[in-house]
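Dumped entry_21.cif below, it's mmCIF, C-alpha atoms, pLDDT in the B column; chains and numbers go by the auth columns:
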data_structure
loop_
_atom_site.group_PDB
_atom_site.id
_atom_site.type_symbol
_atom_site.label_atom_id
_atom_site.label_comp_id
_atom_site.label_asym_id
_atom_site.label_seq_id
_atom_site.Cartn_x
_atom_site.Cartn_y
_atom_site.Cartn_z
_atom_site.B_iso_or_equiv
_atom_site.auth_seq_id
_atom_site.auth_asym_id
ATOM 1 C CA MET A 1 0.000 0.000 0.000 41.00 1 A
ATOM 2 C CA PRO A 2 1.063 3.621 -0.417 42.00 2 A
ATOM 3 C CA ALA A 3 2.945 4.936 2.590 40.00 3 A
ATOM 4 C CA PRO A 4 2.640 8.716 2.942 44.00 4 A
ATOM 5 C CA GLY A 5 5.712 9.996 4.706 39.00 5 A
ATOM 6 C CA GLY A 6 7.068 6.485 5.040 35.00 6 A
ATOM 7 C CA ALA A 7 4.936 6.076 8.131 37.00 7 A
ATOM 8 C CA VAL A 8 4.041 2.466 7.426 37.00 8 A
ATOM 9 C CA ILE A 9 7.665 1.398 7.352 35.00 9 A
ATOM 10 C CA GLU A 10 8.197 3.322 10.544 36.00 10 A
ATOM 11 C CA ALA A 11 5.147 1.681 12.016 37.00 11 A
ATOM 12 C CA HIS A 12 6.599 -1.747 11.376 36.00 12 A
ATOM 13 C CA SER A 13 9.968 -0.852 12.842 36.00 13 A
ATOM 14 C CA GLU A 14 8.893 0.280 16.309 40.00 14 A
ATOM 15 C CA GLU A 15 5.974 -0.215 18.649 46.00 15 A
ATOM 16 C CA SER A 16 3.662 -1.041 15.807 47.00 16 A
ATOM 17 C CA ASP A 17 -0.010 -1.608 16.368 48.00 17 A
ATOM 18 C CA VAL A 18 -0.676 -2.889 12.880 53.00 18 A
ATOM 19 C CA ASP A 19 -0.844 -6.497 13.965 58.00 19 A
ATOM 20 C CA ARG A 20 -4.321 -5.598 15.180 66.00 20 A
ATOM 21 C CA SER A 21 -7.058 -7.262 13.221 67.00 21 A
ATOM 22 C CA PRO A 22 -8.321 -5.324 10.237 69.00 22 A
ATOM 23 C CA CYS A 23 -11.645 -3.699 10.728 73.00 23 A
ATOM 24 C CA CYS A 24 -14.526 -5.518 10.717 84.00 24 A
ATOM 25 C CA SER A 25 -16.829 -5.857 7.731 89.00 25 A
ATOM 26 C CA LEU A 26 -19.898 -7.043 9.669 92.00 26 A
ATOM 27 C CA TYR A 27 -19.700 -4.206 12.189 93.00 27 A
ATOM 28 C CA HIS A 28 -18.771 -1.727 9.467 93.00 28 A
ATOM 29 C CA ARG A 29 -21.845 -2.585 7.449 94.00 29 A
ATOM 30 C CA ALA A 30 -24.044 -2.515 10.565 95.00 30 A
ATOM 31 C CA ILE A 31 -23.008 0.908 11.831 95.00 31 A
ATOM 32 C CA GLU A 32 -23.471 2.506 8.425 95.00 32 A
ATOM 33 C CA MET A 33 -26.841 0.822 8.068 95.00 33 A
ATOM 34 C CA VAL A 34 -28.214 2.087 11.399 96.00 34 A
ATOM 35 C CA GLY A 35 -26.496 5.450 10.903 96.00 35 A
ATOM 36 C CA LYS A 36 -28.050 6.067 7.515 95.00 36 A
ATOM 37 C CA ARG A 37 -30.037 9.295 7.380 94.00 37 A
ATOM 38 C CA TRP A 38 -33.252 8.874 9.478 95.00 38 A
ATOM 39 C CA THR A 39 -32.802 5.153 10.118 97.00 39 A
ATOM 40 C CA GLY A 40 -31.534 5.601 13.670 95.00 40 A
ATOM 41 C CA ALA A 41 -34.416 7.879 14.557 95.00 41 A
ATOM 42 C CA ILE A 42 -36.954 5.468 13.070 96.00 42 A
ATOM 43 C CA LEU A 43 -35.464 2.592 15.053 96.00 43 A
ATOM 44 C CA MET A 44 -35.609 4.616 18.253 94.00 44 A
ATOM 45 C CA VAL A 45 -39.333 5.321 17.996 94.00 45 A
ATOM 46 C CA MET A 46 -39.999 1.659 17.205 95.00 46 A
ATOM 47 C CA MET A 47 -38.209 0.510 20.350 94.00 47 A
ATOM 48 C CA GLU A 48 -41.328 1.327 22.344 91.00 48 A
ATOM 49 C CA GLY A 49 -43.603 -0.952 20.347 94.00 49 A
ATOM 50 C CA PRO A 50 -45.507 -1.221 17.054 95.00 50 A
ATOM 51 C CA VAL A 51 -46.298 2.093 15.386 95.00 51 A
ATOM 52 C CA ARG A 52 -48.297 3.351 12.469 95.00 52 A
ATOM 53 C CA PHE A 53 -46.638 5.057 9.549 95.00 53 A
ATOM 54 C CA SER A 54 -48.297 8.316 10.525 94.00 54 A
ATOM 55 C CA GLU A 55 -47.143 7.981 14.114 94.00 55 A
ATOM 56 C CA ILE A 56 -43.537 7.638 13.023 95.00 56 A
ATOM 57 C CA ARG A 57 -44.003 10.769 10.937 94.00 57 A
ATOM 58 C CA GLN A 58 -45.266 12.594 14.012 93.00 58 A
ATOM 59 C CA LEU A 59 -42.462 11.377 16.235 92.00 59 A
ATOM 60 C CA VAL A 60 -39.641 12.057 13.810 91.00 60 A
ATOM 61 C CA PRO A 61 -39.867 15.693 12.765 82.00 61 A
ATOM 62 C CA ASP A 62 -38.899 16.614 9.205 90.00 62 A
ATOM 63 C CA LEU A 63 -38.995 13.044 7.911 94.00 63 A
ATOM 64 C CA SER A 64 -40.884 12.914 4.605 95.00 64 A
ATOM 65 C CA ASP A 65 -43.387 10.219 3.616 95.00 65 A
ATOM 66 C CA ARG A 66 -41.141 9.237 0.748 96.00 66 A
ATOM 67 C CA LEU A 67 -38.030 8.742 2.864 96.00 67 A
ATOM 68 C CA LEU A 68 -39.925 6.982 5.615 97.00 68 A
ATOM 69 C CA SER A 69 -41.345 4.512 3.081 97.00 69 A
ATOM 70 C CA GLU A 70 -37.899 3.945 1.665 97.00 70 A
ATOM 71 C CA ARG A 71 -36.313 3.364 5.065 97.00 71 A
ATOM 72 C CA LEU A 72 -39.076 1.030 6.209 97.00 72 A
ATOM 73 C CA LYS A 73 -38.618 -1.056 3.056 97.00 73 A
ATOM 74 C CA GLU A 74 -34.875 -1.199 3.651 97.00 74 A
ATOM 75 C CA LEU A 75 -35.394 -2.242 7.276 98.00 75 A
ATOM 76 C CA GLU A 76 -37.923 -4.877 6.219 97.00 76 A
ATOM 77 C CA GLY A 77 -35.355 -6.102 3.696 97.00 77 A
ATOM 78 C CA GLU A 78 -32.827 -6.432 6.523 96.00 78 A
ATOM 79 C CA ASN A 79 -35.383 -8.335 8.629 97.00 79 A
ATOM 80 C CA ILE A 80 -35.128 -5.626 11.284 98.00 80 A
ATOM 81 C CA VAL A 81 -38.690 -4.369 10.884 98.00 81 A
ATOM 82 C CA ALA A 82 -41.870 -6.279 10.083 98.00 82 A
ATOM 83 C CA ARG A 83 -45.145 -4.923 8.771 96.00 83 A
ATOM 84 C CA ARG A 84 -48.294 -6.235 10.383 93.00 84 A
ATOM 85 C CA GLN A 85 -51.925 -5.539 9.628 90.00 85 A
ATOM 86 C CA ASP A 86 -54.423 -6.443 12.329 85.00 86 A
ATOM 87 C CA CYS A 87 -57.602 -5.589 10.399 87.00 87 A
ATOM 88 C CA ASP A 88 -58.618 -4.756 6.830 87.00 88 A
ATOM 89 C CA SER A 89 -58.308 -0.989 7.244 85.00 89 A
ATOM 90 C CA PRO A 90 -55.084 0.705 6.151 81.00 90 A
ATOM 91 C CA SER A 91 -55.032 2.330 9.585 82.00 91 A
ATOM 92 C CA CYS A 92 -54.445 -1.124 11.061 87.00 92 A
ATOM 93 C CA VAL A 93 -51.029 -1.370 9.430 93.00 93 A
ATOM 94 C CA ARG A 94 -48.278 -1.132 11.988 96.00 94 A
ATOM 95 C CA TYR A 95 -44.546 -1.534 11.860 97.00 95 A
ATOM 96 C CA GLU A 96 -42.686 -3.342 14.569 97.00 96 A
ATOM 97 C CA LEU A 97 -39.183 -4.513 15.289 98.00 97 A
ATOM 98 C CA THR A 98 -38.383 -8.160 14.683 98.00 98 A
ATOM 99 C CA GLU A 99 -36.257 -10.100 17.143 98.00 99 A
ATOM 100 C CA LYS A 100 -33.220 -8.938 15.157 98.00 100 A
ATOM 101 C CA GLY A 101 -34.455 -5.365 15.395 98.00 101 A
ATOM 102 C CA ARG A 102 -35.113 -5.560 19.127 98.00 102 A
ATOM 103 C CA ALA A 103 -31.597 -6.897 19.585 98.00 103 A
ATOM 104 C CA LEU A 104 -30.321 -3.491 18.454 97.00 104 A
ATOM 105 C CA GLU A 105 -31.687 -1.958 21.635 96.00 105 A
ATOM 106 C CA PRO A 106 -28.474 -2.151 23.720 96.00 106 A
ATOM 107 C CA ALA A 107 -26.503 -0.345 21.020 96.00 107 A
ATOM 108 C CA VAL A 108 -29.188 2.273 20.498 95.00 108 A
ATOM 109 C CA ARG A 109 -29.598 2.871 24.237 95.00 109 A
ATOM 110 C CA ALA A 110 -25.829 3.144 24.721 96.00 110 A
ATOM 111 C CA LEU A 111 -25.574 5.701 21.961 96.00 111 A
ATOM 112 C CA LYS A 112 -28.513 7.671 23.316 95.00 112 A
ATOM 113 C CA ARG A 113 -26.839 7.758 26.731 95.00 113 A
ATOM 114 C CA TRP A 114 -23.565 8.910 25.169 96.00 114 A
ATOM 115 C CA ALA A 115 -25.349 11.632 23.217 95.00 115 A
ATOM 116 C CA HIS A 116 -26.904 12.960 26.408 94.00 116 A
ATOM 117 C CA ASP A 117 -23.740 12.640 28.501 95.00 117 A
ATOM 118 C CA TYR A 118 -21.636 14.541 25.937 94.00 118 A
ATOM 119 C CA ARG A 119 -24.172 16.923 24.478 83.00 119 A
ATOM 120 C CA MET B 1 -49.460 17.522 9.392 41.00 1 B
ATOM 121 C CA PRO B 2 -50.545 15.488 6.354 42.00 2 B
ATOM 122 C CA ALA B 3 -52.370 12.320 7.309 40.00 3 B
ATOM 123 C CA PRO B 4 -52.105 9.657 4.610 44.00 4 B
ATOM 124 C CA GLY B 5 -55.185 7.466 4.817 39.00 5 B
ATOM 125 C CA GLY B 6 -56.448 9.366 7.833 36.00 6 B
ATOM 126 C CA ALA B 7 -54.195 7.264 10.004 36.00 7 B
ATOM 127 C CA VAL B 8 -53.274 10.082 12.362 37.00 8 B
ATOM 128 C CA ILE B 9 -56.885 10.764 13.296 34.00 9 B
ATOM 129 C CA GLU B 10 -57.338 7.042 13.792 36.00 10 B
ATOM 130 C CA ALA B 11 -54.209 6.958 15.901 37.00 11 B
ATOM 131 C CA HIS B 12 -55.654 9.535 18.265 37.00 12 B
ATOM 132 C CA SER B 13 -58.972 7.771 18.569 36.00 13 B
ATOM 133 C CA GLU B 14 -57.813 4.369 19.803 40.00 14 B
ATOM 134 C CA GLU B 15 -54.819 2.838 21.540 45.00 15 B
ATOM 135 C CA SER B 16 -52.576 5.617 20.358 46.00 16 B
ATOM 136 C CA ASP B 17 -48.863 5.559 20.979 48.00 17 B
ATOM 137 C CA VAL B 18 -48.270 9.119 19.876 52.00 18 B
ATOM 138 C CA ASP B 19 -48.002 10.456 23.384 57.00 19 B
ATOM 139 C CA ARG B 20 -44.495 8.974 23.269 66.00 20 B
ATOM 140 C CA SER B 21 -41.821 11.600 23.268 66.00 21 B
ATOM 141 C CA PRO B 22 -40.708 12.794 19.859 69.00 22 B
ATOM 142 C CA CYS B 23 -37.400 11.461 18.741 72.00 23 B
ATOM 143 C CA CYS B 24 -34.501 12.629 20.050 84.00 24 B
ATOM 144 C CA SER B 25 -32.308 15.254 18.435 88.00 25 B
ATOM 145 C CA LEU B 26 -29.142 14.496 20.433 92.00 26 B
ATOM 146 C CA TYR B 27 -29.305 10.780 19.740 93.00 27 B
ATOM 147 C CA HIS B 28 -30.375 11.393 16.151 92.00 28 B
ATOM 148 C CA ARG B 29 -27.360 13.562 15.492 94.00 29 B
ATOM 149 C CA ALA B 30 -25.050 11.092 17.265 95.00 30 B
ATOM 150 C CA ILE B 31 -26.104 7.977 15.370 95.00 31 B
ATOM 151 C CA GLU B 32 -25.792 9.705 12.012 95.00 32 B
ATOM 152 C CA MET B 33 -22.391 11.072 12.996 95.00 33 B
ATOM 153 C CA VAL B 34 -20.932 7.701 13.978 96.00 34 B
ATOM 154 C CA GLY B 35 -22.723 5.995 11.095 96.00 35 B
ATOM 155 C CA LYS B 36 -21.295 8.321 8.460 95.00 36 B
ATOM 156 C CA ARG B 37 -19.346 6.489 5.765 94.00 37 B
ATOM 157 C CA TRP B 38 -16.082 5.137 7.256 95.00 38 B
ATOM 158 C CA THR B 39 -16.451 6.896 10.603 97.00 39 B
ATOM 159 C CA GLY B 40 -17.600 3.801 12.472 95.00 40 B
ATOM 160 C CA ALA B 41 -14.731 1.750 11.109 95.00 41 B
ATOM 161 C CA ILE B 42 -12.194 4.445 12.028 96.00 42 B
ATOM 162 C CA LEU B 43 -13.574 4.619 15.563 96.00 43 B
ATOM 163 C CA MET B 44 -13.354 0.851 15.906 94.00 44 B
ATOM 164 C CA VAL B 45 -9.644 0.688 15.061 94.00 45 B
ATOM 165 C CA MET B 46 -8.954 3.567 17.451 95.00 46 B
ATOM 166 C CA MET B 47 -10.604 1.744 20.351 94.00 47 B
ATOM 167 C CA GLU B 48 -7.423 -0.275 20.801 91.00 48 B
ATOM 168 C CA GLY B 49 -5.172 2.745 21.305 94.00 49 B
ATOM 169 C CA PRO B 50 -3.392 5.552 19.446 95.00 50 B
ATOM 170 C CA VAL B 51 -2.722 4.857 15.761 95.00 51 B
ATOM 171 C CA ARG B 52 -0.844 6.427 12.932 95.00 52 B
ATOM 172 C CA PHE B 53 -2.645 7.640 9.843 95.00 53 B
ATOM 173 C CA SER B 54 -0.992 4.917 7.791 94.00 54 B
ATOM 174 C CA GLU B 55 -2.021 2.259 10.292 94.00 55 B
ATOM 175 C CA ILE B 56 -5.654 3.261 10.015 95.00 56 B
ATOM 176 C CA ARG B 57 -5.324 3.017 6.256 94.00 57 B
ATOM 177 C CA GLN B 58 -3.975 -0.505 6.643 93.00 58 B
ATOM 178 C CA LEU B 59 -6.667 -1.567 9.071 93.00 59 B
ATOM 179 C CA VAL B 60 -9.597 -0.132 7.161 92.00 60 B
ATOM 180 C CA PRO B 61 -9.495 -1.532 3.632 82.00 61 B
ATOM 181 C CA ASP B 62 -10.604 0.707 0.760 90.00 62 B
ATOM 182 C CA LEU B 63 -10.484 3.912 2.783 94.00 63 B
ATOM 183 C CA SER B 64 -8.711 6.644 0.816 95.00 64 B
ATOM 184 C CA ASP B 65 -6.201 9.128 2.246 95.00 65 B
ATOM 185 C CA ARG B 66 -8.528 11.959 1.367 96.00 66 B
ATOM 186 C CA LEU B 67 -11.537 10.539 3.144 96.00 67 B
ATOM 187 C CA LEU B 68 -9.532 9.465 6.159 97.00 68 B
ATOM 188 C CA SER B 69 -8.154 13.019 6.525 97.00 69 B
ATOM 189 C CA GLU B 70 -11.640 14.416 6.221 97.00 70 B
ATOM 190 C CA ARG B 71 -13.108 12.044 8.817 97.00 71 B
ATOM 191 C CA LEU B 72 -10.254 12.630 11.260 97.00 72 B
ATOM 192 C CA LYS B 73 -10.800 16.380 10.991 97.00 73 B
ATOM 193 C CA GLU B 74 -14.511 15.936 11.605 97.00 74 B
ATOM 194 C CA LEU B 75 -13.836 13.724 14.629 98.00 75 B
ATOM 195 C CA GLU B 76 -11.308 16.213 15.975 97.00 76 B
ATOM 196 C CA GLY B 77 -13.935 18.921 15.490 97.00 77 B
ATOM 197 C CA GLU B 78 -16.361 16.839 17.572 96.00 78 B
ATOM 198 C CA ASN B 79 -13.707 16.394 20.275 97.00 79 B
ATOM 199 C CA ILE B 80 -13.904 12.631 19.773 98.00 80 B
ATOM 200 C CA VAL B 81 -10.377 12.238 18.397 98.00 81 B
ATOM 201 C CA ALA B 82 -7.191 14.096 19.313 98.00 82 B
ATOM 202 C CA ARG B 83 -4.000 14.364 17.313 96.00 83 B
ATOM 203 C CA ARG B 84 -0.757 13.937 19.224 93.00 84 B
ATOM 204 C CA GLN B 85 2.816 14.176 18.081 91.00 85 B
ATOM 205 C CA ASP B 86 5.432 12.633 20.369 85.00 86 B
ATOM 206 C CA CYS B 87 8.516 13.716 18.392 87.00 87 B
ATOM 207 C CA ASP B 88 9.356 16.052 15.518 87.00 88 B
ATOM 208 C CA SER B 89 9.040 13.413 12.809 85.00 89 B
ATOM 209 C CA PRO B 90 5.733 13.179 10.910 81.00 90 B
ATOM 210 C CA SER B 91 5.803 9.471 11.703 82.00 91 B
ATOM 211 C CA CYS B 92 5.332 10.405 15.371 87.00 92 B
ATOM 212 C CA VAL B 93 1.869 11.768 14.701 93.00 93 B
ATOM 213 C CA ARG B 94 -0.803 9.555 16.177 96.00 94 B
ATOM 214 C CA TYR B 95 -4.517 9.843 16.546 97.00 95 B
ATOM 215 C CA GLU B 96 -6.270 8.768 19.687 97.00 96 B
ATOM 216 C CA LEU B 97 -9.720 8.848 21.182 98.00 97 B
ATOM 217 C CA THR B 98 -10.475 11.541 23.718 98.00 98 B
ATOM 218 C CA GLU B 99 -12.497 10.744 26.836 98.00 99 B
ATOM 219 C CA LYS B 100 -15.613 11.569 24.821 98.00 100 B
ATOM 220 C CA GLY B 101 -14.430 9.206 22.100 98.00 101 B
ATOM 221 C CA ARG B 102 -13.646 6.381 24.509 98.00 102 B
ATOM 222 C CA ALA B 103 -17.116 6.791 25.964 98.00 103 B
ATOM 223 C CA LEU B 104 -18.488 5.572 22.630 97.00 104 B
ATOM 224 C CA GLU B 105 -17.035 2.139 23.287 97.00 105 B
ATOM 225 C CA PRO B 106 -20.151 0.549 24.858 96.00 106 B
ATOM 226 C CA ALA B 107 -22.258 1.548 21.860 96.00 107 B
ATOM 227 C CA VAL B 108 -19.634 0.402 19.370 96.00 108 B
ATOM 228 C CA ARG B 109 -19.120 -2.913 21.157 95.00 109 B
ATOM 229 C CA ALA B 110 -22.866 -3.529 21.382 96.00 110 B
ATOM 230 C CA LEU B 111 -23.259 -2.905 17.681 96.00 111 B
ATOM 231 C CA LYS B 112 -20.324 -5.145 16.849 95.00 112 B
ATOM 232 C CA ARG B 113 -21.861 -7.921 18.934 96.00 113 B
ATOM 233 C CA TRP B 114 -25.206 -7.458 17.186 96.00 114 B
ATOM 234 C CA ALA B 115 -23.550 -7.539 13.770 95.00 115 B
ATOM 235 C CA HIS B 116 -21.908 -10.856 14.615 94.00 116 B
ATOM 236 C CA ASP B 117 -24.992 -12.370 16.255 95.00 117 B
ATOM 237 C CA TYR B 118 -27.218 -11.545 13.270 94.00 118 B
ATOM 238 C CA ARG B 119 -24.796 -11.810 10.393 83.00 119 B
#
Translate the structure of the given file into structure tokens.
Amino acid sequence: MPAPGGAVIEAHSEESDVDRSPCCSLYHRAIEMVGKRWTGAILMVMMEGPVRFSEIRQLVPDLSDRLLSERLKELEGENIVARRQDCDSPSCVRYELTEKGRALEPAVRALKRWAHDYR
Amino acid sequence: MPAPGGAVIEAHSEESDVDRSPCCSLYHRAIEMVGKRWTGAILMVMMEGPVRFSEIRQLVPDLSDRLLSERLKELEGENIVARRQDCDSPSCVRYELTEKGRALEPAVRALKRWAHDYR
């Protein structure tokens, strides 16, 4: 690889840390998926239980219908969110976290705590 | 606000969840900051201690010099990363997490665990 300033060679010659394992494709993909514009906010409001499309729109200011639809489809595609419909009316459609989605809660809560501690 | 399918009115009339608190500007900003392209991966490799620029490049495949510089500047601007130089040589420049940056570790670890559990 290119070595600006010869730093890589230097790194190998003294107290190098580069025997650490390379980062981390599963984690890398995950953090950019949950950090995608609006996705984190959508996940947060779903942590408290199933919600209607319109409720998410109310709880996440400035999120457009179009982007919310797009994000919900992506999250359904990742098996993080499931769509359920408890009666025939469109108003009975709710979105809820799957088991995989609920398992994101520790990470989301930790980040929320950090954001408040270091505001 | 617009109410596609009248769902908002419906939501207020029965078993509504919309008295939940609106999401969450501090958290929202935080998750999109750490989830920005490459930022999460850079943070992960810095969790193990100070690293040289060239070491980060080695540990995070496909990350360009330009983008790494940009992300490091952003993280310095957020007081998450600090630049230190232990001697006059450019190869002595290292980047390390600040206290605020180290405090991200629980969130990062939780997300890494999730990514491995649900790969």
Select from chain A every residue with an atom at most 7 Å from any atom of chain B, then for each give the shortest pair of atoms and their distance in Å to one decimal, using all atoms listed in the file, rows by chain and rising number, as a Markdown table.
| residue | atom | partner | partner_atom | distance |
| --- | --- | --- | --- | --- |
| A:Ala3 | CA | B:Ser54 | CA | 6.5 |
| A:Gly5 | CA | B:Pro90 | CA | 7.0 |
| A:Ala7 | CA | B:Ser91 | CA | 5.0 |
| A:Val8 | CA | B:Ser54 | CA | 5.6 |
| A:Glu10 | CA | B:Ser91 | CA | 6.7 |
| A:Val18 | CA | B:Glu55 | CA | 5.9 |
| A:Pro22 | CA | B:Leu59 | CA | 4.3 |
| A:Cys23 | CA | B:Val60 | CA | 5.4 |
| A:Leu26 | CA | B:Ala115 | CA | 5.5 |
| A:Tyr27 | CA | B:Lys112 | CA | 4.8 |
| A:His28 | CA | B:Ala41 | CA | 5.6 |
| A:Ala30 | CA | B:Ala115 | CA | 6.0 |
| A:Ile31 | CA | B:Gly35 | CA | 5.1 |
| A:Glu32 | CA | B:Gly35 | CA | 4.5 |
| A:Val34 | CA | B:Gly35 | CA | 6.7 |
| A:Gly35 | CA | B:Gly35 | CA | 3.8 |
| A:Lys36 | CA | B:Glu32 | CA | 6.2 |
| A:Arg37 | CA | B:Glu32 | CA | 6.3 |
| A:Gly40 | CA | B:Ile31 | CA | 6.2 |
| A:Ala41 | CA | B:His28 | CA | 5.6 |
| A:Val45 | CA | B:Cys23 | CA | 6.5 |
| A:Ser54 | CA | B:Val8 | CA | 5.6 |
| A:Glu55 | CA | B:Val18 | CA | 6.0 |
| A:Leu59 | CA | B:Pro22 | CA | 4.3 |
| A:Val60 | CA | B:Cys23 | CA | 5.4 |
| A:Pro90 | CA | B:Gly5 | CA | 6.9 |
| A:Ser91 | CA | B:Ala7 | CA | 5.0 |
| A:Lys100 | CA | B:Tyr118 | CA | 6.8 |
| A:Ala103 | CA | B:Trp114 | CA | 6.8 |
| A:Leu104 | CA | B:Trp114 | CA | 6.6 |
| A:Pro106 | CA | B:Ala110 | CA | 6.2 |
| A:Ala107 | CA | B:Ala107 | CA | 4.7 |
| A:Ala110 | CA | B:Ala107 | CA | 4.8 |
| A:Leu111 | CA | B:Ala107 | CA | 5.3 |
| A:Lys112 | CA | B:Tyr27 | CA | 4.8 |
| A:Trp114 | CA | B:Leu104 | CA | 6.6 |
| A:Ala115 | CA | B:Tyr27 | CA | 5.3 |
| A:His116 | CA | B:Leu26 | CA | 6.6 |
| A:Tyr118 | CA | B:Lys100 | CA | 6.8 |
| A:Arg119 | CA | B:Leu26 | CA | 6.9 |
What would the file look like if the residues just selected were written as a PDB file, in the coordinates of the input with C-alpha atoms?
ATOM      1  CA  ALA A   3       2.945   4.936   2.590  1.00 40.00           C
ATOM      2  CA  GLY A   5       5.712   9.996   4.706  1.00 39.00           C
ATOM      3  CA  ALA A   7       4.936   6.076   8.131  1.00 37.00           C
ATOM      4  CA  VAL A   8       4.041   2.466   7.426  1.00 37.00           C
ATOM      5  CA  GLU A  10       8.197   3.322  10.544  1.00 36.00           C
ATOM      6  CA  VAL A  18      -0.676  -2.889  12.880  1.00 53.00           C
ATOM      7  CA  PRO A  22      -8.321  -5.324  10.237  1.00 69.00           C
ATOM      8  CA  CYS A  23     -11.645  -3.699  10.728  1.00 73.00           C
ATOM      9  CA  LEU A  26     -19.898  -7.043   9.669  1.00 92.00           C
ATOM     10  CA  TYR A  27     -19.700  -4.206  12.189  1.00 93.00           C
ATOM     11  CA  HIS A  28     -18.771  -1.727   9.467  1.00 93.00           C
ATOM     12  CA  ALA A  30     -24.044  -2.515  10.565  1.00 95.00           C
ATOM     13  CA  ILE A  31     -23.008   0.908  11.831  1.00 95.00           C
ATOM     14  CA  GLU A  32     -23.471   2.506   8.425  1.00 95.00           C
ATOM     15  CA  VAL A  34     -28.214   2.087  11.399  1.00 96.00           C
ATOM     16  CA  GLY A  35     -26.496   5.450  10.903  1.00 96.00           C
ATOM     17  CA  LYS A  36     -28.050   6.067   7.515  1.00 95.00           C
ATOM     18  CA  ARG A  37     -30.037   9.295   7.380  1.00 94.00           C
ATOM     19  CA  GLY A  40     -31.534   5.601  13.670  1.00 95.00           C
ATOM     20  CA  ALA A  41     -34.416   7.879  14.557  1.00 95.00           C
ATOM     21  CA  VAL A  45     -39.333   5.321  17.996  1.00 94.00           C
ATOM     22  CA  SER A  54     -48.297   8.316  10.525  1.00 94.00           C
ATOM     23  CA  GLU A  55     -47.143   7.981  14.114  1.00 94.00           C
ATOM     24  CA  LEU A  59     -42.462  11.377  16.235  1.00 92.00           C
ATOM     25  CA  VAL A  60     -39.641  12.057  13.810  1.00 91.00           C
ATOM     26  CA  PRO A  90     -55.084   0.705   6.151  1.00 81.00           C
ATOM     27  CA  SER A  91     -55.032   2.330   9.585  1.00 82.00           C
ATOM     28  CA  LYS A 100     -33.220  -8.938  15.157  1.00 98.00           C
ATOM     29  CA  ALA A 103     -31.597  -6.897  19.585  1.00 98.00           C
ATOM     30  CA  LEU A 104     -30.321  -3.491  18.454  1.00 97.00           C
ATOM     31  CA  PRO A 106     -28.474  -2.151  23.720  1.00 96.00           C
ATOM     32  CA  ALA A 107     -26.503  -0.345  21.020  1.00 96.00           C
ATOM     33  CA  ALA A 110     -25.829   3.144  24.721  1.00 96.00           C
ATOM     34  CA  LEU A 111     -25.574   5.701  21.961  1.00 96.00           C
ATOM     35  CA  LYS A 112     -28.513   7.671  23.316  1.00 95.00           C
ATOM     36  CA  TRP A 114     -23.565   8.910  25.169  1.00 96.00           C
ATOM     37  CA  ALA A 115     -25.349  11.632  23.217  1.00 95.00           C
ATOM     38  CA  HIS A 116     -26.904  12.960  26.408  1.00 94.00           C
ATOM     39  CA  TYR A 118     -21.636  14.541  25.937  1.00 94.00           C
ATOM     40  CA  ARG A 119     -24.172  16.923  24.478  1.00 83.00           C
TER      41      ARG A 119
END
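Picture a line from atom CA of A:Val81 to atom CA of A:Glu96; it runs 5.5 Å.
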Worksheet item: Could you work out how far atom CA of A:Tyr95 lies from atom CA of A:Lys73, giving the answer in Å with one decimal?
Response: 10.6 Å
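Straight-line separation from atom CA of B:Asp62 to atom CA of B:Ile80: 22.7 Å.
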How about completing stretch 69-76 of chain A with N, CA, C and O atoms and giving it to me as a compact mmCIF listing (two decimals), in the coordinates of the input?
# COMPACT_ATOMS: atom_id res chain seq x y z
N SER A 69 -41.02 5.74 3.82
CA SER A 69 -41.34 4.51 3.08
C SER A 69 -40.09 3.77 2.66
O SER A 69 -39.99 2.54 2.81
N GLU A 70 -39.15 4.54 2.15
CA GLU A 70 -37.90 3.94 1.66
C GLU A 70 -37.15 3.25 2.82
O GLU A 70 -36.71 2.10 2.69
N ARG A 71 -37.04 3.95 3.93
CA ARG A 71 -36.31 3.36 5.07
C ARG A 71 -37.02 2.14 5.63
O ARG A 71 -36.37 1.16 6.01
N LEU A 72 -38.36 2.20 5.69
CA LEU A 72 -39.08 1.03 6.21
C LEU A 72 -38.86 -0.17 5.29
O LEU A 72 -38.67 -1.29 5.77
N LYS A 73 -38.87 0.06 4.00
CA LYS A 73 -38.62 -1.06 3.06
C LYS A 73 -37.22 -1.62 3.25
O LYS A 73 -37.01 -2.83 3.24
N GLU A 74 -36.25 -0.73 3.42
CA GLU A 74 -34.88 -1.20 3.65
C GLU A 74 -34.80 -2.03 4.94
O GLU A 74 -34.16 -3.08 4.97
N LEU A 75 -35.45 -1.54 5.99
CA LEU A 75 -35.39 -2.24 7.28
C LEU A 75 -36.17 -3.56 7.22
O LEU A 75 -35.76 -4.55 7.84
N GLU A 76 -37.25 -3.60 6.44
CA GLU A 76 -37.92 -4.88 6.22
C GLU A 76 -37.01 -5.83 5.46
O GLU A 76 -36.90 -7.02 5.79
